[in-house]
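Okay, structure first, notes after.
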Amino acid sequence: MKVWPGKPYPLGATWDGKGVNFSLFSENATGVELCLFDRSDPKQETDRIKINEYTNQAWHIYLPDARPSQLYGFRVHGPYEPKAGHRFNPAKLLLDPYAKAIAGNINWSDIFLGYQTGRAEADLLIDKRDSSANMPKCVVVDSAFDWADDAYPRIPWHKSLIYELHTKGFTVRHPKVPPQLRGTYSGLISSPIFKYFHSLGITAVELMPVHHFADNRFLIQRGLSNYWGYSSIGFFSPEARYAAKGVFGEQVAEFKNMVKALHHEGIEVILDVVYNHTAEGNHLGPTLCFRGIDNVSYYRLLPQNRRYYLDYTGTGNSFNMIHPRVLQLVMDSLRYWVLEMHVDGFRFDLASTLARGLYEVDKLGAFLDIIHQDPILSQVKLIAEPWDLGEGGYQVGNFPVLWSEWNGKYRDNVRRFWRGDEGQIEELAYRLTGSSDLYEHGGRKPSASINFITCHDGFTLQDLVSYNGKHNQANGEENRDGTGENLSWNCGIEGPADDAEVLKLRRRQKRNFLATLILSEGIPMLLAGDELGRTQQGNNNAYCQDNEISWVNWNISQPEQELLEFTKYLIKTTYRHPALRRRKFFHGRKIRGSKVKDLIWLKPNGGEMTDSDWSMLWAHCLGLRIAGDEIDEVDEHGNKVIDDTLLVLLNAYDKPVPFILPGSTAEQWELVLDTCKARDKDNKLLIKGAGLYRLEACSLSLFCLRKNKE
């Protein structure tokens, strides 16, 4: 095969229409070999080519005869000195960190370990068995794709509603999705799914990890898998197991087609990305990619003993975001997904790890600073999971401007309130109105708060109101894994599952949570299936359950259908009322030309809350009057949008509360919804101002002000 010197940039394998340039960064390697494989027999190495060119820490070569769909990998030479941090082992075939597609999955055995097993300090002795036959292979990809008139929807934050879903689990059981497309990228853009998205009213899908990932060996040994996918090993490659049309590069075009189709329907695509760690685990993990390419560059190592890894993630390793080449890799990956794959934003898993300097989380750290300066990435939606497992890792409210955050304090407070915990209403007032206590001081807006009650990690909404403890036995860890929600956040309701009153209260609690979420200022995030009453049978850590425990069940009963209709109505209601989608925080000030404040907190007697009222630990009921006269928004003609005044009443007591509605008898309040029952489409209840409303036990009501006609 012809060999030319090639170029150090771009990194990875690049098809230019005539041949392929290969480039691999390794600061400490002494040599690199490019290994080629054939699609007809991916286990068989057909050629091994020594790379002689080394420029700016990149090993590069150009093959004029190589073509798209060519399978390849690398062997990297250098010292095997674990105590010094070096774990080079040319016997282990390595994935290209910049591979645009990866074919195949790992067939686990000890052959992937870079060290000899069965010894006291096993990882200190190199293992020279060849791993190539059982390794996945990188694929050269032709990036050409007809995007036609594709355009980023660019939906304003304050009009967004995020829907978190799993690419496979969402469609794999859908009876109307063609069987060959279920569980795939193509399945997400099938006609019944589009119809469902539009009927629900979401504006963005947040896809759980679709970067190519590896199943953990211990899970395979238990007959399980890494279903969630938080174990990335290919930051440029769409996960091949979600592809319906092929894995030798076809998955790239299929993913692009999915994004293009979603954009055509006005739906944004947000990726849940995992740059904080990789699938290679701790010092006893496999050698698949980064460890064998340049361990001391790619990973955070203990300064006092570089044999071991710093671990802020609970996975065994942490990516070395203070190394310039690692930062480059992450930034190149992010830009690739925006520019080449057309995604609209990212949710960063355990984002505090990415912001750590030497040890502490630094909101002015290199990663965040580079994001702010990047002309591409600074313009997309950026969402942080603002915590990790290291000391000082809980950083809710502390990320800089441009960033939104999963608001864990919102989740916790709303759960506590509806569970009936004491002393919650003062914090609840902040959470319902965009969490200004967390975000306003940094110059951010309500859109900085991604509000959620449930997410992939933890109980589903159905299980939150149904169980008083986790049931994770199927995970094979004797129910020791997962968060202790039985002690902290569970809102399970005691009583037999077939008791009519218990079922009634559980259904009401689900409506309470959904209504609170959708009506709160900030950006709501809905977990896929919660609106359908999806259950994981009490499993609050279903990361390894690629089965009916995790998959969305579309065969629902009448109560679940009623919950779905309630959710649709709820979402449509917020779109009709811009007062519920504000771009700025409330300030409790009187609005122009009116004696009414933009926001008033009310007691059940109709009076305004005083400072002493907020400190009453036993209080579980309050009202919120939102003046709709002045909305910071204009319509398509440039006219100021005038909205109705709204009233939200919340009662977490286990008994009804008589609530005096504010205003004069010259005004009427129209009931929009009441969570004590599934929506009654014919309900036109009107109550005059200063009139009494029976706010049922454990319920939420929404009213709209109507002026009396003289």
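Scheme for the structure tokens: letters A, B, ... for chains in order shown; per-chain residue numbers from 1; ligand numbers from 1 in order shown.
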Enumerate the residues of segment 216-333 of chain A with a DSSP assignment of strand (DSSP E), computed from the backbone, and present them as a ChimeraX atom specification.
/A:232-238,268-273,301-302,305-309
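Residue neighbourhood of Trp157 of chain A, excluding near-sequence residues (fewer than 4 positions): Leu161, Lys381, Ser447, Ala448, Gly522, Ile523 and Arg583 of chain A, at 9 Å, using only C-alpha atoms.
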Go ahead and write the selection's residues with C-alpha atoms as an mmCIF file, in the first residue's frame.
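Done, and the output landed in selection14.cif:
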data_model
loop_
_atom_site.group_PDB
_atom_site.id
_atom_site.type_symbol
_atom_site.label_atom_id
_atom_site.label_comp_id
_atom_site.auth_asym_id
_atom_site.auth_seq_id
_atom_site.Cartn_x
_atom_site.Cartn_y
_atom_site.Cartn_z
ATOM 1 C CA LEU A 161 -39.886 22.206 27.221
ATOM 2 C CA LYS A 381 -27.927 25.371 24.693
ATOM 3 C CA SER A 447 -33.919 29.982 32.075
ATOM 4 C CA ALA A 448 -30.818 29.080 34.104
ATOM 5 C CA GLY A 522 -37.802 28.263 34.561
ATOM 6 C CA ILE A 523 -37.404 25.478 32.019
ATOM 7 C CA ARG A 583 -37.819 35.814 30.588
#
Excluding Arg217 of chain A and any residue of its chain fewer than 3 positions from it, enumerate the residues within 7 Å of it, using only C-alpha atoms, and give them as a PyMOL selection string.
chain A and resi 108+220-221
From a backbone DSSP assignment, name each residue in segment 568-673 of chain A labelled helix (DSSP H, G or I), as a PyMOL selection string.
chain A and resi 568-576+578-580+611-614
Resulting file, chosen residues, all heavy atoms, as a compact mmCIF listing (two decimals), in the first residue's frame:
# COMPACT_ATOMS: atom_id res chain seq x y z
N LYS A 568 -51.08 16.83 28.55
CA LYS A 568 -51.21 17.60 27.31
C LYS A 568 -51.93 18.92 27.56
O LYS A 568 -51.51 19.98 27.07
CB LYS A 568 -51.96 16.78 26.27
CG LYS A 568 -51.23 15.56 25.74
CD LYS A 568 -52.11 14.80 24.75
CE LYS A 568 -51.43 13.58 24.19
NZ LYS A 568 -52.30 12.82 23.26
N TYR A 569 -53.03 18.86 28.30
CA TYR A 569 -53.80 20.06 28.60
C TYR A 569 -52.97 21.05 29.41
O TYR A 569 -52.98 22.26 29.15
CB TYR A 569 -55.06 19.67 29.37
CG TYR A 569 -55.86 20.84 29.87
CD1 TYR A 569 -56.52 21.69 28.99
CD2 TYR A 569 -55.96 21.11 31.23
CE1 TYR A 569 -57.26 22.77 29.45
CE2 TYR A 569 -56.68 22.19 31.71
CZ TYR A 569 -57.33 23.01 30.81
OH TYR A 569 -58.06 24.09 31.27
N LEU A 570 -52.21 20.54 30.35
CA LEU A 570 -51.35 21.36 31.19
C LEU A 570 -50.32 22.12 30.35
O LEU A 570 -50.12 23.33 30.51
CB LEU A 570 -50.66 20.46 32.21
CG LEU A 570 -49.83 21.08 33.31
CD1 LEU A 570 -50.68 21.96 34.20
CD2 LEU A 570 -49.20 19.95 34.15
N ILE A 571 -49.67 21.40 29.45
CA ILE A 571 -48.65 22.03 28.60
C ILE A 571 -49.27 23.06 27.67
O ILE A 571 -48.73 24.16 27.49
CB ILE A 571 -47.88 20.95 27.82
CG1 ILE A 571 -47.06 20.07 28.78
CG2 ILE A 571 -46.99 21.57 26.76
CD1 ILE A 571 -46.43 18.86 28.14
N LYS A 572 -50.40 22.75 27.08
CA LYS A 572 -51.08 23.71 26.21
C LYS A 572 -51.47 24.97 26.98
O LYS A 572 -51.43 26.08 26.45
CB LYS A 572 -52.31 23.07 25.58
CG LYS A 572 -51.98 22.03 24.53
CD LYS A 572 -53.24 21.37 23.98
CE LYS A 572 -52.89 20.30 22.94
NZ LYS A 572 -54.09 19.59 22.44
N THR A 573 -51.86 24.78 28.25
CA THR A 573 -52.24 25.93 29.08
C THR A 573 -51.08 26.90 29.25
O THR A 573 -51.25 28.12 29.17
CB THR A 573 -52.72 25.44 30.46
OG1 THR A 573 -53.90 24.64 30.29
CG2 THR A 573 -53.05 26.61 31.37
N THR A 574 -49.87 26.37 29.46
CA THR A 574 -48.71 27.26 29.64
C THR A 574 -48.39 28.01 28.37
O THR A 574 -47.96 29.16 28.42
CB THR A 574 -47.48 26.46 30.10
OG1 THR A 574 -47.08 25.54 29.09
CG2 THR A 574 -47.75 25.72 31.39
N TYR A 575 -48.60 27.39 27.21
CA TYR A 575 -48.34 28.09 25.96
C TYR A 575 -49.37 29.20 25.71
O TYR A 575 -49.09 30.17 25.02
CB TYR A 575 -48.35 27.10 24.79
CG TYR A 575 -47.14 26.20 24.77
CD1 TYR A 575 -47.25 24.83 24.52
CD2 TYR A 575 -45.87 26.71 24.99
CE1 TYR A 575 -46.14 24.00 24.50
CE2 TYR A 575 -44.75 25.89 24.98
CZ TYR A 575 -44.89 24.54 24.73
OH TYR A 575 -43.78 23.74 24.73
N ARG A 576 -50.55 29.04 26.28
CA ARG A 576 -51.58 30.09 26.13
C ARG A 576 -51.33 31.28 27.06
O ARG A 576 -51.95 32.33 26.88
CB ARG A 576 -52.97 29.50 26.39
CG ARG A 576 -53.49 28.61 25.29
CD ARG A 576 -55.00 28.42 25.41
NE ARG A 576 -55.35 27.73 26.64
CZ ARG A 576 -55.53 26.41 26.73
NH1 ARG A 576 -55.37 25.65 25.64
NH2 ARG A 576 -55.85 25.84 27.86
N PRO A 578 -48.35 33.52 28.47
CA PRO A 578 -46.94 33.94 28.54
C PRO A 578 -46.49 34.30 29.94
O PRO A 578 -45.29 34.30 30.22
CB PRO A 578 -46.90 35.16 27.61
CG PRO A 578 -48.05 34.98 26.68
CD PRO A 578 -49.11 34.30 27.48
N ALA A 579 -47.42 34.62 30.84
CA ALA A 579 -47.04 34.93 32.22
C ALA A 579 -46.36 33.76 32.89
O ALA A 579 -45.61 33.93 33.87
CB ALA A 579 -48.27 35.34 33.03
N LEU A 580 -46.60 32.57 32.37
CA LEU A 580 -45.97 31.36 32.93
C LEU A 580 -44.65 31.05 32.23
O LEU A 580 -44.02 30.04 32.56
CB LEU A 580 -46.92 30.17 32.79
CG LEU A 580 -48.23 30.29 33.57
CD1 LEU A 580 -49.20 29.16 33.17
CD2 LEU A 580 -47.97 30.24 35.07
N ASP A 611 -43.72 38.68 56.49
CA ASP A 611 -42.44 38.05 56.81
C ASP A 611 -42.60 36.95 57.83
O ASP A 611 -41.97 35.89 57.73
CB ASP A 611 -41.45 39.10 57.31
CG ASP A 611 -41.00 40.06 56.21
OD1 ASP A 611 -41.22 39.72 55.03
OD2 ASP A 611 -40.46 41.13 56.54
N SER A 612 -43.43 37.17 58.82
CA SER A 612 -43.61 36.15 59.87
C SER A 612 -44.34 34.92 59.35
O SER A 612 -44.12 33.80 59.83
CB SER A 612 -44.37 36.75 61.06
OG SER A 612 -45.65 37.22 60.64
N ASP A 613 -45.21 35.10 58.34
CA ASP A 613 -45.93 33.95 57.78
C ASP A 613 -44.97 32.95 57.14
O ASP A 613 -45.19 31.74 57.21
CB ASP A 613 -46.95 34.42 56.73
CG ASP A 613 -48.09 35.22 57.33
OD1 ASP A 613 -48.47 34.92 58.48
OD2 ASP A 613 -48.58 36.14 56.66
N TRP A 614 -43.90 33.45 56.50
CA TRP A 614 -42.98 32.54 55.83
C TRP A 614 -42.25 31.63 56.80
O TRP A 614 -41.78 30.55 56.41
CB TRP A 614 -41.95 33.35 55.02
CG TRP A 614 -42.52 34.05 53.84
CD1 TRP A 614 -42.66 35.39 53.68
CD2 TRP A 614 -43.07 33.46 52.66
NE1 TRP A 614 -43.25 35.68 52.47
CE2 TRP A 614 -43.50 34.51 51.82
CE3 TRP A 614 -43.24 32.14 52.22
CZ2 TRP A 614 -44.09 34.28 50.57
CZ3 TRP A 614 -43.81 31.92 50.98
CH2 TRP A 614 -44.23 32.97 50.17
Excluding Asp47 of chain A and residues on its chain fewer than 6 positions from it, collect all residues at most 10 Å away from it, counting only C-alpha atoms, and give them as a list in words.
Met1, Glu33, Leu34, Cys35, Leu36, Phe37, Asp38 and Tyr72 of chain A
So that I have them on file, write out the residues from the current selection with N, CA and C atoms, as a PDB file, in the first residue's frame.
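Below is the file that was written, part-v1.pdb:
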ATOM      1  N   MET A   1       0.844  -1.200   0.000  1.00  0.00           N
ATOM      2  CA  MET A   1       0.000   0.000   0.000  1.00  0.00           C
ATOM      3  C   MET A   1       0.876   1.245   0.000  1.00  0.00           C
ATOM      4  N   GLU A  33       1.745   2.441  15.317  1.00  0.00           N
ATOM      5  CA  GLU A  33       1.453   1.647  14.121  1.00  0.00           C
ATOM      6  C   GLU A  33      -0.027   1.754  13.792  1.00  0.00           C
ATOM      7  N   LEU A  34      -0.325   1.921  12.512  1.00  0.00           N
ATOM      8  CA  LEU A  34      -1.691   1.930  12.010  1.00  0.00           C
ATOM      9  C   LEU A  34      -2.034   0.518  11.542  1.00  0.00           C
ATOM     10  N   CYS A  35      -3.120  -0.040  12.076  1.00  0.00           N
ATOM     11  CA  CYS A  35      -3.528  -1.406  11.726  1.00  0.00           C
ATOM     12  C   CYS A  35      -4.818  -1.355  10.915  1.00  0.00           C
ATOM     13  N   LEU A  36      -4.850  -2.077   9.803  1.00  0.00           N
ATOM     14  CA  LEU A  36      -6.001  -2.094   8.913  1.00  0.00           C
ATOM     15  C   LEU A  36      -6.688  -3.451   8.950  1.00  0.00           C
ATOM     16  N   PHE A  37      -8.031  -3.414   8.787  1.00  0.00           N
ATOM     17  CA  PHE A  37      -8.846  -4.626   8.830  1.00  0.00           C
ATOM     18  C   PHE A  37      -9.860  -4.555   7.699  1.00  0.00           C
ATOM     19  N   ASP A  38     -10.380  -5.697   7.322  1.00  0.00           N
ATOM     20  CA  ASP A  38     -11.330  -5.788   6.217  1.00  0.00           C
ATOM     21  C   ASP A  38     -12.730  -6.033   6.759  1.00  0.00           C
ATOM     22  N   TYR A  72     -10.004   0.289  10.986  1.00  0.00           N
ATOM     23  CA  TYR A  72      -8.634   0.515  11.440  1.00  0.00           C
ATOM     24  C   TYR A  72      -8.564   0.631  12.962  1.00  0.00           C
TER      25      TYR A  72
END
In Å, rounded to a single decimal, give me how far atom CA of Leu428 of chain A is from atom CA of Ser449 of chain A.
13.9 Å
Given the choices A:Ser199, A:Asn295, A:Asn276, A:Gln180, which gets closest to Phe25 of chain A if the distance is worked out from only C-alpha atoms?
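Under the stated criterion, the closest residue is A:Asn295.
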Skip Leu219 of chain A itself and residues of its chain fewer than 3 positions away, then list as a PDB file with N, CA and C atoms, in the first residue's frame all residues within 12 Å of it, counting only C-alpha atoms.
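Ended up saving to result_3.pdb:
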ATOM      1  N   TRP A 108     -15.958  -9.485  26.050  1.00  0.00           N
ATOM      2  CA  TRP A 108     -15.101  -9.355  27.228  1.00  0.00           C
ATOM      3  C   TRP A 108     -14.312 -10.612  27.573  1.00  0.00           C
ATOM      4  N   ALA A 214     -19.116   1.473  26.069  1.00  0.00           N
ATOM      5  CA  ALA A 214     -18.788   0.064  26.329  1.00  0.00           C
ATOM      6  C   ALA A 214     -19.601  -0.446  27.510  1.00  0.00           C
ATOM      7  N   ASP A 215     -20.038  -1.675  27.417  1.00  0.00           N
ATOM      8  CA  ASP A 215     -20.675  -2.323  28.564  1.00  0.00           C
ATOM      9  C   ASP A 215     -19.609  -2.700  29.591  1.00  0.00           C
ATOM     10  N   ASN A 216     -19.931  -2.499  30.854  1.00  0.00           N
ATOM     11  CA  ASN A 216     -18.999  -2.892  31.908  1.00  0.00           C
ATOM     12  C   ASN A 216     -18.907  -4.406  32.000  1.00  0.00           C
ATOM     13  N   ARG A 222     -23.026 -10.596  34.942  1.00  0.00           N
ATOM     14  CA  ARG A 222     -24.311 -10.778  35.641  1.00  0.00           C
ATOM     15  C   ARG A 222     -25.473 -10.981  34.669  1.00  0.00           C
ATOM     16  N   GLY A 223     -25.187 -10.972  33.379  1.00  0.00           N
ATOM     17  CA  GLY A 223     -26.246 -11.080  32.387  1.00  0.00           C
ATOM     18  C   GLY A 223     -26.970  -9.767  32.158  1.00  0.00           C
ATOM     19  N   LEU A 224     -26.305  -8.635  32.489  1.00  0.00           N
ATOM     20  CA  LEU A 224     -26.888  -7.310  32.341  1.00  0.00           C
ATOM     21  C   LEU A 224     -26.081  -6.507  31.327  1.00  0.00           C
ATOM     22  N   SER A 225     -26.373  -5.220  31.190  1.00  0.00           N
ATOM     23  CA  SER A 225     -25.627  -4.371  30.255  1.00  0.00           C
ATOM     24  C   SER A 225     -25.664  -2.937  30.750  1.00  0.00           C
ATOM     25  N   ASN A 226     -24.829  -2.094  30.140  1.00  0.00           N
ATOM     26  CA  ASN A 226     -24.816  -0.673  30.496  1.00  0.00           C
ATOM     27  C   ASN A 226     -25.889   0.031  29.671  1.00  0.00           C
ATOM     28  N   TYR A 227     -27.138  -0.133  30.071  1.00  0.00           N
ATOM     29  CA  TYR A 227     -28.268   0.367  29.285  1.00  0.00           C
ATOM     30  C   TYR A 227     -28.241   1.882  29.138  1.00  0.00           C
ATOM     31  N   ALA A 474     -32.894  -6.630  41.040  1.00  0.00           N
ATOM     32  CA  ALA A 474     -32.568  -7.120  39.699  1.00  0.00           C
ATOM     33  C   ALA A 474     -31.199  -6.652  39.230  1.00  0.00           C
ATOM     34  N   ASN A 475     -30.632  -5.666  39.907  1.00  0.00           N
ATOM     35  CA  ASN A 475     -29.307  -5.155  39.520  1.00  0.00           C
ATOM     36  C   ASN A 475     -28.174  -6.037  40.013  1.00  0.00           C
ATOM     37  N   GLY A 476     -28.485  -6.993  40.870  1.00  0.00           N
ATOM     38  CA  GLY A 476     -27.468  -7.935  41.328  1.00  0.00           C
ATOM     39  C   GLY A 476     -26.530  -7.405  42.386  1.00  0.00           C
ATOM     40  N   GLU A 477     -26.935  -6.351  43.100  1.00  0.00           N
ATOM     41  CA  GLU A 477     -26.081  -5.781  44.147  1.00  0.00           C
ATOM     42  C   GLU A 477     -26.765  -5.807  45.509  1.00  0.00           C
ATOM     43  N   TYR A 543     -29.876   1.537  35.539  1.00  0.00           N
ATOM     44  CA  TYR A 543     -28.843   1.792  34.538  1.00  0.00           C
ATOM     45  C   TYR A 543     -28.438   0.544  33.768  1.00  0.00           C
ATOM     46  N   CYS A 544     -28.690  -0.622  34.342  1.00  0.00           N
ATOM     47  CA  CYS A 544     -28.235  -1.873  33.726  1.00  0.00           C
ATOM     48  C   CYS A 544     -29.392  -2.728  33.219  1.00  0.00           C
ATOM     49  N   GLN A 545     -30.586  -2.169  33.175  1.00  0.00           N
ATOM     50  CA  GLN A 545     -31.779  -2.946  32.824  1.00  0.00           C
ATOM     51  C   GLN A 545     -32.262  -2.623  31.414  1.00  0.00           C
ATOM     52  N   ASP A 546     -31.705  -3.324  30.438  1.00  0.00           N
ATOM     53  CA  ASP A 546     -32.125  -3.154  29.046  1.00  0.00           C
ATOM     54  C   ASP A 546     -33.263  -4.132  28.777  1.00  0.00           C
TER      55      ASP A 546
END
With a distance cut-off of 8 Å and only C-alpha atoms, select the neighbouring residues of Glu53 of chain A, excluding the residue or stretch itself and same-chain residues fewer than 5 positions from it, and output the selection as an mmCIF file with N, CA, C and O atoms, in the first residue's frame.
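Written file, part37.cif:
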data_model
loop_
_atom_site.group_PDB
_atom_site.id
_atom_site.type_symbol
_atom_site.label_atom_id
_atom_site.label_comp_id
_atom_site.auth_asym_id
_atom_site.auth_seq_id
_atom_site.Cartn_x
_atom_site.Cartn_y
_atom_site.Cartn_z
ATOM 1 N N PRO A 5 3.500 11.039 3.805
ATOM 2 C CA PRO A 5 3.681 11.570 5.158
ATOM 3 C C PRO A 5 2.396 12.038 5.836
ATOM 4 O O PRO A 5 2.219 11.852 7.042
ATOM 5 N N GLY A 6 1.512 12.638 5.083
ATOM 6 C CA GLY A 6 0.286 13.130 5.689
ATOM 7 C C GLY A 6 0.502 14.389 6.503
ATOM 8 O O GLY A 6 1.569 15.008 6.486
ATOM 9 N N TRP A 59 1.200 11.871 15.568
ATOM 10 C CA TRP A 59 1.739 10.869 14.655
ATOM 11 C C TRP A 59 0.805 10.804 13.456
ATOM 12 O O TRP A 59 -0.398 10.572 13.616
ATOM 13 N N HIS A 60 1.356 10.993 12.245
ATOM 14 C CA HIS A 60 0.456 11.129 11.102
ATOM 15 C C HIS A 60 0.981 10.404 9.866
ATOM 16 O O HIS A 60 2.191 10.222 9.673
ATOM 17 N N ILE A 61 0.019 10.009 9.006
ATOM 18 C CA ILE A 61 0.319 9.275 7.785
ATOM 19 C C ILE A 61 -0.852 9.450 6.827
ATOM 20 O O ILE A 61 -2.003 9.669 7.251
#
For Arg581 of chain A, which residue among A:Ala244, A:Ile51, A:Ala690, A:Leu432 is the nearest when counting only C-alpha atoms?
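Nearest to Arg581 of chain A: A:Leu432.
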What lies within 6 Å of Leu527 of chain A using only C-alpha atoms, ignoring chain neighbours under 5 positions off, as an MDAnalysis selection string?
chainID A and resid 163:164 455
Nearest to Ile642 of chain A by atom-to-atom distance, counting only C-alpha atoms, from A:Phe348, A:Gly628, A:Tyr439, A:Phe236
A:Gly628
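With distances restricted to only C-alpha atoms, A:Ser520 is the closest residue to His158 of chain A from A:Cys704, A:Thr535, A:Ser520, A:His77.
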